[in-house]
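*Asks:* Coordinates in model-v1.tsv, TSV, C-alpha atoms, are listed below.
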```
chain	number	residue	atom	x	y	z
E	624	MET	CA	146.25	85.00	44.65
E	625	ARG	CA	143.58	82.96	46.42
E	626	ILE	CA	143.67	81.96	50.08
E	627	ARG	CA	141.61	79.28	51.79
E	628	ALA	CA	140.92	80.07	55.44
E	629	GLY	CA	138.63	79.04	58.25
E	630	TYR	CA	138.32	77.59	61.71
E	631	ASP	CA	136.70	74.77	63.65
E	632	ILE	CA	136.02	75.57	67.32
E	633	ALA	CA	134.15	73.55	69.95
E	634	PHE	CA	133.22	74.33	73.55
E	635	ASN	CA	131.77	72.20	76.31
E	636	CYS	CA	129.19	74.28	78.17
E	637	PHE	CA	128.15	73.31	81.67
E	638	GLN	CA	124.93	75.31	81.45
E	639	GLU	CA	123.34	77.72	79.01
E	640	VAL	CA	126.03	80.30	78.23
E	641	PRO	CA	125.58	83.59	76.35
E	642	MET	CA	128.50	84.21	73.98
E	643	VAL	CA	129.86	86.98	71.80
E	644	LEU	CA	132.02	85.73	68.94
E	645	MET	CA	134.35	87.85	66.82
E	646	LEU	CA	135.19	85.48	63.98
E	647	THR	CA	133.83	87.17	60.86
E	648	VAL	CA	136.26	88.65	58.35
E	649	HIS	CA	136.42	92.42	58.76
E	650	PRO	CA	133.99	94.40	56.54
E	651	SER	CA	136.97	96.01	54.77
E	652	ARG	CA	137.73	92.60	53.19
E	653	LYS	CA	134.14	91.60	52.40
E	654	ALA	CA	134.48	92.53	48.73
E	655	ASP	CA	137.42	90.11	48.40
E	656	LEU	CA	135.43	87.03	49.43
E	657	LEU	CA	135.07	84.52	46.59
E	658	THR	CA	132.82	82.08	48.46
E	659	ASP	CA	130.20	82.17	51.15
E	660	HIS	CA	131.51	83.16	54.58
E	661	SER	CA	128.78	81.97	56.91
E	662	MET	CA	129.21	80.72	60.45
E	663	ARG	CA	127.95	77.15	60.87
E	664	ILE	CA	126.86	76.30	64.40
E	665	SER	CA	125.99	72.85	65.73
E	666	PRO	CA	123.55	72.35	67.33
E	667	ASN	CA	121.60	74.96	65.42
E	668	VAL	CA	120.98	78.01	67.63
E	669	LEU	CA	119.74	81.51	66.93
E	670	ALA	CA	122.67	83.84	66.23
E	671	LYS	CA	122.60	87.57	65.53
E	672	ASP	CA	125.32	89.82	64.11
E	673	TYR	CA	126.01	93.40	65.13
E	674	THR	CA	128.79	95.91	64.50
E	675	ASP	CA	130.76	97.10	67.52
E	676	VAL	CA	132.12	100.60	68.14
E	677	PHE	CA	135.36	99.76	66.28
E	678	GLY	CA	133.57	98.57	63.14
E	679	ASN	CA	134.09	94.85	63.79
E	680	VAL	CA	131.39	92.24	63.14
E	681	CYS	CA	130.33	90.40	66.30
E	682	THR	CA	127.95	87.45	66.66
E	683	ARG	CA	125.68	86.96	69.67
E	684	LEU	CA	124.22	83.60	70.66
E	685	VAL	CA	123.21	81.54	73.66
E	686	ALA	CA	124.94	78.16	73.70
E	687	PRO	CA	122.94	75.29	75.20
E	688	ALA	CA	124.38	73.00	77.86
E	689	GLY	CA	126.67	70.43	76.27
E	690	ARG	CA	128.99	70.66	73.29
E	691	ILE	CA	128.71	73.45	70.70
E	692	GLU	CA	130.78	73.62	67.53
E	693	ILE	CA	131.38	76.74	65.43
E	694	ARG	CA	133.10	76.44	62.07
E	695	THR	CA	133.56	77.99	58.65
E	696	GLU	CA	135.75	77.69	55.58
E	697	PHE	CA	136.00	80.22	52.77
E	698	ILE	CA	138.17	81.41	49.89
E	699	ILE	CA	139.29	85.02	49.62
E	700	LYS	CA	141.31	86.83	46.97
E	701	ASP	CA	144.41	88.79	47.92
E	702	SER	CA	146.82	91.03	46.04
E	703	GLY	CA	149.70	88.72	46.86
E	704	LEU	CA	151.76	91.77	47.76
E	705	PRO	CA	153.64	92.09	51.05
E	706	ASP	CA	152.72	94.70	53.65
E	707	ALA	CA	153.24	98.24	52.37
E	708	VAL	CA	156.54	99.92	53.26
E	709	ALA	CA	156.83	103.74	53.33
E	710	PRO	CA	160.17	104.75	54.88
E	711	ASN	CA	159.47	108.46	54.33
E	712	ALA	CA	156.02	108.53	55.96
E	713	PRO	CA	156.17	111.32	58.56
E	714	GLN	CA	154.71	111.40	62.03
E	715	VAL	CA	151.47	113.39	61.98
E	716	PRO	CA	151.47	116.33	64.44
E	717	LEU	CA	149.04	115.81	67.27
E	718	HIS	CA	146.82	118.73	66.32
E	719	GLU	CA	146.48	117.39	62.76
E	720	LEU	CA	145.38	113.87	63.71
E	721	PRO	CA	141.82	112.90	62.75
E	722	ASP	CA	139.42	112.70	65.67
E	723	SER	CA	138.97	108.96	65.11
E	724	ALA	CA	142.67	108.33	65.76
E	725	LEU	CA	142.84	110.05	69.15
E	726	MET	CA	141.52	107.05	71.12
E	727	TYR	CA	144.53	105.08	69.89
E	728	LEU	CA	146.88	107.41	71.76
E	729	LEU	CA	145.43	106.49	75.14
E	730	GLY	CA	146.37	103.70	77.52
E	731	SER	CA	144.13	100.63	77.58
E	732	ARG	CA	143.70	97.40	79.50
E	733	TYR	CA	146.83	95.68	78.18
E	734	CYS	CA	148.70	98.71	76.86
E	735	ASP	CA	149.67	100.40	80.13
E	736	THR	CA	151.36	103.45	78.63
E	737	GLN	CA	151.86	105.23	81.94
E	738	LYS	CA	154.47	102.62	82.92
E	739	LEU	CA	156.37	102.85	79.64
E	740	SER	CA	156.37	106.57	78.80
E	741	ASP	CA	159.82	107.42	80.20
E	742	LEU	CA	161.35	104.38	78.50
E	743	ALA	CA	159.69	105.26	75.18
E	744	TRP	CA	160.88	108.85	75.08
E	745	SER	CA	164.41	108.06	76.23
E	746	THR	CA	164.76	105.23	73.70
E	747	PHE	CA	162.85	106.54	70.67
E	748	GLY	CA	162.46	110.28	71.22
E	749	HIS	CA	165.54	111.04	69.15
E	750	VAL	CA	164.37	109.04	66.11
E	751	ASP	CA	163.15	111.31	63.30
E	752	GLY	CA	160.22	110.42	61.05
E	753	GLY	CA	157.06	108.48	61.72
E	754	TRP	CA	157.97	105.31	59.85
E	755	GLN	CA	161.52	105.25	61.17
E	756	ARG	CA	160.29	105.69	64.74
E	757	VAL	CA	157.71	102.90	64.47
E	758	GLN	CA	160.26	100.62	62.82
E	759	ALA	CA	162.74	101.35	65.61
E	760	ILE	CA	160.04	100.33	68.10
E	761	CYS	CA	159.40	97.11	66.15
E	762	ASP	CA	163.12	96.32	66.11
E	763	TYR	CA	163.34	96.90	69.84
E	764	VAL	CA	160.30	94.74	70.67
E	765	HIS	CA	161.38	92.00	68.27
E	766	ASP	CA	164.76	91.78	69.99
E	767	ARG	CA	163.39	92.28	73.51
E	768	ILE	CA	160.79	89.49	73.65
E	769	GLN	CA	161.46	85.79	73.16
E	770	PHE	CA	158.59	84.09	71.32
E	771	GLY	CA	157.21	80.77	72.54
E	772	TYR	CA	153.73	79.23	72.76
E	773	ARG	CA	154.64	77.98	76.23
E	774	PHE	CA	154.94	81.63	77.32
E	775	ALA	CA	151.28	82.45	76.60
E	776	ARG	CA	149.49	84.25	79.44
E	777	SER	CA	146.13	85.90	78.90
E	778	ASP	CA	146.57	88.71	81.45
E	779	ARG	CA	150.09	89.92	80.59
E	780	THR	CA	150.28	93.69	80.03
E	781	ALA	CA	152.71	95.51	77.78
E	782	SER	CA	154.92	96.59	80.67
E	783	GLU	CA	154.95	93.04	82.06
E	784	GLY	CA	155.92	91.70	78.65
E	785	HIS	CA	158.77	94.19	78.57
E	786	GLN	CA	159.91	93.12	82.01
E	787	GLU	CA	159.47	89.36	81.54
E	788	ARG	CA	160.92	89.39	78.00
E	789	ILE	CA	158.80	86.43	76.88
E	790	GLY	CA	155.47	86.12	75.14
E	791	VAL	CA	153.39	85.26	72.09
E	792	CYS	CA	152.28	87.44	69.17
E	793	ARG	CA	149.77	89.40	71.25
E	794	ASP	CA	152.55	90.40	73.67
E	795	PHE	CA	154.73	91.69	70.83
E	796	ALA	CA	151.78	93.71	69.52
E	797	HIS	CA	150.80	95.08	72.93
E	798	LEU	CA	154.30	96.32	73.73
E	799	ALA	CA	154.77	97.91	70.31
E	800	VAL	CA	151.33	99.56	70.45
E	801	ALA	CA	152.00	100.95	73.92
E	802	LEU	CA	155.42	102.36	72.96
E	803	CYS	CA	153.98	103.99	69.83
E	804	ARG	CA	151.24	105.65	71.86
E	805	CYS	CA	153.79	106.91	74.37
E	806	VAL	CA	155.56	108.88	71.63
E	807	ASN	CA	152.28	110.28	70.22
E	808	ILE	CA	151.82	107.84	67.34
E	809	PRO	CA	148.30	106.36	67.22
E	810	ALA	CA	148.46	102.56	67.18
E	811	ARG	CA	145.74	99.93	67.12
E	812	TYR	CA	145.77	96.20	67.75
E	813	CYS	CA	144.73	93.80	64.97
E	814	THR	CA	143.82	90.14	64.89
E	815	GLY	CA	143.21	87.86	61.94
E	816	TYR	CA	144.60	85.14	59.70
E	817	LEU	CA	148.26	85.02	58.69
E	818	GLY	CA	149.41	81.86	56.93
E	819	ASP	CA	152.88	80.72	55.97
E	820	ILE	CA	152.69	82.37	52.55
E	821	GLY	CA	155.96	83.48	50.98
E	822	VAL	CA	157.90	82.13	53.97
E	823	PRO	CA	159.06	78.65	55.04
E	824	LEU	CA	156.32	76.51	56.56
E	825	ASP	CA	156.21	76.78	60.35
E	826	PRO	CA	155.83	73.30	61.90
E	827	ALA	CA	154.07	74.79	64.94
E	828	PRO	CA	150.26	74.65	65.10
E	829	MET	CA	148.40	77.31	63.11
E	830	ASP	CA	146.64	80.01	65.09
E	831	PHE	CA	145.01	83.34	64.58
E	832	SER	CA	147.68	86.03	64.57
E	833	ALA	CA	148.12	89.46	66.14
E	834	TRP	CA	149.81	92.50	64.65
E	835	PHE	CA	149.24	96.26	64.80
E	836	GLU	CA	148.67	99.33	62.67
E	837	ALA	CA	150.22	102.77	63.19
E	838	TYR	CA	148.82	106.05	61.88
E	839	ILE	CA	151.62	107.87	60.08
E	840	GLY	CA	151.80	109.81	56.83
E	841	GLY	CA	148.03	110.35	56.87
E	842	ARG	CA	146.99	106.67	56.84
E	843	TRP	CA	147.20	103.41	58.77
E	844	TYR	CA	150.17	101.15	58.02
E	845	THR	CA	150.61	97.51	59.06
E	846	PHE	CA	153.50	96.54	61.34
E	847	ASP	CA	154.39	93.20	62.91
E	848	ALA	CA	156.85	93.28	65.78
E	849	ARG	CA	156.95	89.50	66.09
E	850	HIS	CA	157.98	88.68	62.52
E	851	ASN	CA	159.44	92.14	61.85
E	852	HIS	CA	159.34	91.93	58.07
E	853	PRO	CA	156.55	92.46	55.53
E	854	ARG	CA	154.26	89.45	55.11
E	855	ILE	CA	151.84	88.33	52.42
E	856	GLY	CA	148.19	87.42	52.84
E	857	ARG	CA	147.00	89.00	56.05
E	858	ILE	CA	143.23	88.71	56.50
E	859	VAL	CA	142.06	91.06	59.22
E	860	ILE	CA	139.15	90.03	61.43
E	861	ALA	CA	139.07	92.83	63.96
E	862	ARG	CA	140.80	95.98	65.17
E	863	GLY	CA	140.70	97.60	68.60
E	864	ARG	CA	142.66	99.23	71.38
E	865	ASP	CA	144.14	95.90	72.49
E	866	ALA	CA	143.29	92.20	72.76
E	867	ALA	CA	140.43	92.90	75.18
E	868	ASP	CA	138.50	94.59	72.36
E	869	VAL	CA	138.98	91.80	69.83
E	870	ALA	CA	138.73	88.51	71.75
E	871	ILE	CA	137.50	85.87	69.31
E	872	SER	CA	135.13	84.52	71.96
E	873	THR	CA	133.71	86.05	75.10
E	874	MET	CA	131.76	83.59	77.24
E	875	PHE	CA	129.42	84.78	79.98
E	876	GLY	CA	129.47	81.55	81.95
E	877	PRO	CA	131.46	78.35	82.57
E	878	THR	CA	132.84	76.70	79.42
E	879	GLU	CA	135.71	74.47	78.42
E	880	LEU	CA	137.56	74.71	75.12
E	881	ALA	CA	137.16	71.28	73.55
E	882	HIS	CA	138.68	71.79	70.11
E	883	PHE	CA	140.32	74.58	68.15
E	884	SER	CA	141.76	74.47	64.64
E	885	VAL	CA	142.67	77.26	62.24
E	886	LEU	CA	143.29	77.01	58.50
E	887	THR	CA	145.14	79.58	56.36
E	888	GLU	CA	146.70	78.41	53.10
E	889	GLU	CA	147.50	79.66	49.64
E	890	ILE	CA	145.64	77.85	46.86
E	891	LEU	CA	148.21	76.97	44.21
E	892	SER	CA	147.54	77.11	40.47
E	893	ASP	CA	146.73	73.40	40.37
E	894	GLY	CA	144.18	73.79	43.17
E	895	THR	CA	146.36	72.20	45.84
E	896	SER	CA	148.10	73.84	48.79
E	897	ARG	CA	151.30	73.46	50.76
E	898	GLN	CA	149.39	73.06	53.99
E	899	PRO	CA	146.29	70.92	53.50
E	900	GLU	CA	145.21	70.23	57.06
E	901	MET	CA	144.00	72.37	59.91
E	902	LYS	CA	146.26	72.58	62.92
E	903	SER	CA	145.39	72.94	66.58
E	904	ASP	CA	145.57	76.33	68.28
E	905	ARG	CA	148.06	77.23	70.99
E	906	GLU	CA	147.31	80.83	71.99
E	907	THR	CA	143.64	81.37	71.35
E	908	GLY	CA	142.12	84.75	72.16
E	909	LEU	CA	139.33	83.62	74.45
E	910	VAL	CA	137.78	85.58	77.30
E	911	ALA	CA	135.62	84.13	80.05
E	912	VAL	CA	133.52	86.58	82.05
```
Show me, as structure tokens, the structure contained in the file I just sent.
*Replies:*
Amino acid sequence: MRIRAGYDIAFNCFQEVPMVLMLTVHPSRKADLLTDHSMRISPNVLAKDYTDVFGNVCTRLVAPAGRIEIRTEFIIKDSGLPDAVAPNAPQVPLHELPDSALMYLLGSRYCDTQKLSDLAWSTFGHVDGGWQRVQAICDYVHDRIQFGYRFARSDRTASEGHQERIGVCRDFAHLAVALCRCVNIPARYCTGYLGDIGVPLDPAPMDFSAWFEAYIGGRWYTFDARHNHPRIGRIVIARGRDAADVAISTMFGPTELAHFSVLTEEILSDGTSRQPEMKSDRETGLVAV
């Protein structure tokens, strides 16, 4: 299948502001791109890409005072298959984990594992099997948290999400990631595009989405505690320990979000789509420093 995706973002800057953007499709999906995937910036400013410690593509620039707009639109091919399901995937013993997975067992800014360890072991310690344990965590988080854009809060930790029982997709992911880590399953936070493909159209505004991956059975598997069922057409942008590592925009100075739209749609056989227009964001991953 083919998917059309992109974004249109604008900021009002009250002075020159250095920025780091994380908006480029992850290198693991580069071979699937069917069209150019270049970032268009207006006014034209010098921008430079680099790869961060997690393997994500980041873009550095200095925005001038005034309005700056960043946008792109591209087409990418996808298998059209839902997220892989492997009910028999075992939990990997700690001493057999690859070195690269060990960092995803540790607490992080939003995944405060030290506050959730007792809960995790008492609730999920008896569950056998890696996949079954992660799925039990997803079921718990899915039932525990009420989703709503009005509940968005950029500084909510996993333990606070558990206590408050409200949140957006990042809160579902943070709590599930933290609980997995507590029971010795490496888990990493993911952000990217997830359109209404293979599911009823959601009338709410389109946004970038958050999910997570757990290392079981010798590989990383995708899980989504918010939707809690396999989805089609995920396009990963970045992976990290939590949302702090994968903010789509980090601004080192005073800015105001002026516009934000995200597009993710399946291109049908006749070249049309079910969802032809971009929609405004409601829970953007932005960080101001």
*Asks:* For the atom pair CA of Tyr763 in chain E and CA of Gly730 in chain E, what is the interatomic distance in Å to one decimal place?
*Replies:* 19.8 Å
*Asks:* List the spatial neighbours of Phe697 in chain E as a PyMOL selection string - criterion: any atom at most 10 Å away, only C-alpha atoms, same-chain residues fewer than 3 positions off excluded.
*Replies:* chain E and resi 626-630+656-661+886-887
*Asks:* Do you have, as CSV, the list of residues of range 699-732 of chain E lying at most 12 Å from range 665-684 of chain E, each with its nearest atom pair and that distance in Å to one decimal, counting all atoms listed in the file and ordered by chain then number?
*Replies:*
```
residue,atom,partner,partner_atom,distance
E:Ser723,CA,E:Phe677,CA,10.0
E:Ala724,CA,E:Phe677,CA,11.3
E:Met726,CA,E:Phe677,CA,10.7
E:Tyr727,CA,E:Phe677,CA,11.2
```
*Asks:* Work out how far CA of Leu725 in chain E is from CA of Gly753 in chain E, in Å to one decimal.
*Replies:* 16.1 Å
*Asks:* Could you check the closest approach to Thr746 in chain E for each of E:Ala707, E:Ile789, E:Cys636, E:Leu802 and tell me which residue wins, using only C-alpha atoms?
*Replies:*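 Nearest candidate to Thr746 in chain E out of E:Ala707, E:Ile789, E:Cys636, E:Leu802: E:Leu802.
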*Asks:* From the options E:His850, E:Thr873, E:Gln758, E:Ile855, which residue's atoms come nearest to Phe770 in chain E, counting all atoms listed in the file?
*Replies:*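 Looking at the shortest contact to Phe770 in chain E, the residue is E:His850.
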*Asks:* Check the smallest atom-to-atom distance from each of E:Arg773, E:Arg864, E:Arg663, E:Arg788 to Val800 in chain E using all atoms listed in the file, then report the winner.
*Replies:*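 Of E:Arg773, E:Arg864, E:Arg663, E:Arg788, the one nearest Val800 in chain E, counting all atoms listed in the file, is E:Arg864.
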*Asks:* When you write range 747-777 of chain E out from the block above, keep N, CA, C and O atoms and present the result as a PDB file, in the first residue's frame, please.
*Replies:*
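As a result, result02.pdb now contains:
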```pdb
ATOM      1  N   PHE E 747       2.220  -7.978  37.720  1.00  0.00           N
ATOM      2  CA  PHE E 747       2.612  -8.711  36.514  1.00  0.00           C
ATOM      3  C   PHE E 747       3.693  -9.763  36.748  1.00  0.00           C
ATOM      4  O   PHE E 747       4.055 -10.490  35.823  1.00  0.00           O
ATOM      5  N   GLY E 748       4.199  -9.855  37.970  1.00  0.00           N
ATOM      6  CA  GLY E 748       5.272 -10.799  38.248  1.00  0.00           C
ATOM      7  C   GLY E 748       4.881 -12.243  38.034  1.00  0.00           C
ATOM      8  O   GLY E 748       5.731 -13.087  37.727  1.00  0.00           O
ATOM      9  N   HIS E 749       3.602 -12.553  38.168  1.00  0.00           N
ATOM     10  CA  HIS E 749       3.144 -13.934  38.027  1.00  0.00           C
ATOM     11  C   HIS E 749       2.868 -14.321  36.577  1.00  0.00           C
ATOM     12  O   HIS E 749       2.629 -15.499  36.289  1.00  0.00           O
ATOM     13  N   VAL E 750       2.890 -13.356  35.662  1.00  0.00           N
ATOM     14  CA  VAL E 750       2.551 -13.634  34.262  1.00  0.00           C
ATOM     15  C   VAL E 750       3.754 -14.263  33.563  1.00  0.00           C
ATOM     16  O   VAL E 750       4.850 -13.701  33.558  1.00  0.00           O
ATOM     17  N   ASP E 751       3.569 -15.431  32.973  1.00  0.00           N
ATOM     18  CA  ASP E 751       4.653 -16.139  32.290  1.00  0.00           C
ATOM     19  C   ASP E 751       4.753 -15.688  30.836  1.00  0.00           C
ATOM     20  O   ASP E 751       3.741 -15.412  30.190  1.00  0.00           O
ATOM     21  N   GLY E 752       5.986 -15.650  30.323  1.00  0.00           N
ATOM     22  CA  GLY E 752       6.197 -15.344  28.919  1.00  0.00           C
ATOM     23  C   GLY E 752       6.366 -13.866  28.667  1.00  0.00           C
ATOM     24  O   GLY E 752       5.680 -13.025  29.276  1.00  0.00           O
ATOM     25  N   GLY E 753       7.274 -13.523  27.782  1.00  0.00           N
ATOM     26  CA  GLY E 753       7.533 -12.122  27.489  1.00  0.00           C
ATOM     27  C   GLY E 753       6.356 -11.431  26.843  1.00  0.00           C
ATOM     28  O   GLY E 753       5.902 -10.386  27.307  1.00  0.00           O
ATOM     29  N   TRP E 754       5.828 -12.027  25.763  1.00  0.00           N
ATOM     30  CA  TRP E 754       4.704 -11.392  25.074  1.00  0.00           C
ATOM     31  C   TRP E 754       3.498 -11.283  25.995  1.00  0.00           C
ATOM     32  O   TRP E 754       2.847 -10.226  26.049  1.00  0.00           O
ATOM     33  N   GLN E 755       3.189 -12.341  26.697  1.00  0.00           N
ATOM     34  CA  GLN E 755       2.008 -12.334  27.557  1.00  0.00           C
ATOM     35  C   GLN E 755       2.142 -11.298  28.666  1.00  0.00           C
ATOM     36  O   GLN E 755       1.168 -10.637  29.033  1.00  0.00           O
ATOM     37  N   ARG E 756       3.347 -11.104  29.166  1.00  0.00           N
ATOM     38  CA  ARG E 756       3.566 -10.112  30.226  1.00  0.00           C
ATOM     39  C   ARG E 756       3.411  -8.692  29.676  1.00  0.00           C
ATOM     40  O   ARG E 756       2.748  -7.847  30.304  1.00  0.00           O
ATOM     41  N   VAL E 757       3.987  -8.430  28.508  1.00  0.00           N
ATOM     42  CA  VAL E 757       3.843  -7.098  27.912  1.00  0.00           C
ATOM     43  C   VAL E 757       2.384  -6.833  27.559  1.00  0.00           C
ATOM     44  O   VAL E 757       1.878  -5.729  27.776  1.00  0.00           O
ATOM     45  N   GLN E 758       1.697  -7.842  27.025  1.00  0.00           N
ATOM     46  CA  GLN E 758       0.291  -7.645  26.676  1.00  0.00           C
ATOM     47  C   GLN E 758      -0.556  -7.404  27.925  1.00  0.00           C
ATOM     48  O   GLN E 758      -1.494  -6.592  27.906  1.00  0.00           O
ATOM     49  N   ALA E 759      -0.234  -8.071  29.013  1.00  0.00           N
ATOM     50  CA  ALA E 759      -0.947  -7.825  30.271  1.00  0.00           C
ATOM     51  C   ALA E 759      -0.737  -6.390  30.732  1.00  0.00           C
ATOM     52  O   ALA E 759      -1.663  -5.745  31.259  1.00  0.00           O
ATOM     53  N   ILE E 760       0.476  -5.872  30.539  1.00  0.00           N
ATOM     54  CA  ILE E 760       0.759  -4.477  30.886  1.00  0.00           C
ATOM     55  C   ILE E 760      -0.051  -3.540  29.999  1.00  0.00           C
ATOM     56  O   ILE E 760      -0.654  -2.562  30.483  1.00  0.00           O
ATOM     57  N   CYS E 761      -0.110  -3.838  28.690  1.00  0.00           N
ATOM     58  CA  CYS E 761      -0.896  -3.000  27.781  1.00  0.00           C
ATOM     59  C   CYS E 761      -2.376  -3.008  28.177  1.00  0.00           C
ATOM     60  O   CYS E 761      -3.032  -1.956  28.165  1.00  0.00           O
ATOM     61  N   ASP E 762      -2.899  -4.181  28.497  1.00  0.00           N
ATOM     62  CA  ASP E 762      -4.303  -4.268  28.916  1.00  0.00           C
ATOM     63  C   ASP E 762      -4.550  -3.420  30.151  1.00  0.00           C
ATOM     64  O   ASP E 762      -5.557  -2.703  30.249  1.00  0.00           O
ATOM     65  N   TYR E 763      -3.630  -3.501  31.096  1.00  0.00           N
ATOM     66  CA  TYR E 763      -3.780  -2.748  32.348  1.00  0.00           C
ATOM     67  C   TYR E 763      -3.760  -1.248  32.077  1.00  0.00           C
ATOM     68  O   TYR E 763      -4.618  -0.499  32.579  1.00  0.00           O
ATOM     69  N   VAL E 764      -2.774  -0.789  31.289  1.00  0.00           N
ATOM     70  CA  VAL E 764      -2.651   0.647  31.007  1.00  0.00           C
ATOM     71  C   VAL E 764      -3.849   1.138  30.201  1.00  0.00           C
ATOM     72  O   VAL E 764      -4.388   2.223  30.464  1.00  0.00           O
ATOM     73  N   HIS E 765      -4.266   0.346  29.225  1.00  0.00           N
ATOM     74  CA  HIS E 765      -5.405   0.722  28.390  1.00  0.00           C
ATOM     75  C   HIS E 765      -6.661   0.939  29.232  1.00  0.00           C
ATOM     76  O   HIS E 765      -7.440   1.872  28.986  1.00  0.00           O
ATOM     77  N   ASP E 766      -6.859   0.070  30.212  1.00  0.00           N
ATOM     78  CA  ASP E 766      -8.034   0.185  31.079  1.00  0.00           C
ATOM     79  C   ASP E 766      -7.853   1.230  32.165  1.00  0.00           C
ATOM     80  O   ASP E 766      -8.835   1.791  32.667  1.00  0.00           O
ATOM     81  N   ARG E 767      -6.617   1.507  32.540  1.00  0.00           N
ATOM     82  CA  ARG E 767      -6.331   2.404  33.661  1.00  0.00           C
ATOM     83  C   ARG E 767      -6.496   3.875  33.288  1.00  0.00           C
ATOM     84  O   ARG E 767      -6.995   4.676  34.083  1.00  0.00           O
ATOM     85  N   ILE E 768      -6.052   4.240  32.076  1.00  0.00           N
ATOM     86  CA  ILE E 768      -6.006   5.650  31.688  1.00  0.00           C
ATOM     87  C   ILE E 768      -7.163   5.987  30.755  1.00  0.00           C
ATOM     88  O   ILE E 768      -7.432   5.267  29.800  1.00  0.00           O
ATOM     89  N   GLN E 769      -7.812   7.101  31.027  1.00  0.00           N
ATOM     90  CA  GLN E 769      -8.849   7.621  30.137  1.00  0.00           C
ATOM     91  C   GLN E 769      -8.213   8.572  29.141  1.00  0.00           C
ATOM     92  O   GLN E 769      -7.542   9.536  29.525  1.00  0.00           O
ATOM     93  N   PHE E 770      -8.411   8.314  27.846  1.00  0.00           N
ATOM     94  CA  PHE E 770      -7.817   9.168  26.819  1.00  0.00           C
ATOM     95  C   PHE E 770      -8.664  10.410  26.579  1.00  0.00           C
ATOM     96  O   PHE E 770      -9.884  10.363  26.549  1.00  0.00           O
ATOM     97  N   GLY E 771      -7.979  11.541  26.391  1.00  0.00           N
ATOM     98  CA  GLY E 771      -8.670  12.778  26.022  1.00  0.00           C
ATOM     99  C   GLY E 771      -7.661  13.866  25.719  1.00  0.00           C
ATOM    100  O   GLY E 771      -6.724  14.076  26.494  1.00  0.00           O
ATOM    101  N   TYR E 772      -7.817  14.561  24.585  1.00  0.00           N
ATOM    102  CA  TYR E 772      -6.874  15.630  24.242  1.00  0.00           C
ATOM    103  C   TYR E 772      -6.852  16.719  25.314  1.00  0.00           C
ATOM    104  O   TYR E 772      -5.828  17.350  25.549  1.00  0.00           O
ATOM    105  N   ARG E 773      -7.987  16.912  25.977  1.00  0.00           N
ATOM    106  CA  ARG E 773      -8.046  17.938  27.020  1.00  0.00           C
ATOM    107  C   ARG E 773      -7.195  17.566  28.229  1.00  0.00           C
ATOM    108  O   ARG E 773      -6.941  18.414  29.088  1.00  0.00           O
ATOM    109  N   PHE E 774      -6.749  16.324  28.310  1.00  0.00           N
ATOM    110  CA  PHE E 774      -5.936  15.869  29.439  1.00  0.00           C
ATOM    111  C   PHE E 774      -4.440  16.031  29.189  1.00  0.00           C
ATOM    112  O   PHE E 774      -3.627  15.645  30.035  1.00  0.00           O
ATOM    113  N   ALA E 775      -4.050  16.556  28.035  1.00  0.00           N
ATOM    114  CA  ALA E 775      -2.628  16.671  27.699  1.00  0.00           C
ATOM    115  C   ALA E 775      -1.896  17.548  28.710  1.00  0.00           C
ATOM    116  O   ALA E 775      -2.357  18.626  29.073  1.00  0.00           O
ATOM    117  N   ARG E 776      -0.744  17.060  29.164  1.00  0.00           N
ATOM    118  CA  ARG E 776       0.138  17.828  30.049  1.00  0.00           C
ATOM    119  C   ARG E 776       1.562  17.384  29.755  1.00  0.00           C
ATOM    120  O   ARG E 776       1.877  16.203  29.842  1.00  0.00           O
ATOM    121  N   SER E 777       2.416  18.345  29.417  1.00  0.00           N
ATOM    122  CA  SER E 777       3.739  18.009  28.901  1.00  0.00           C
ATOM    123  C   SER E 777       4.703  17.485  29.953  1.00  0.00           C
ATOM    124  O   SER E 777       5.730  16.897  29.607  1.00  0.00           O
TER     125      SER E 777
END
```
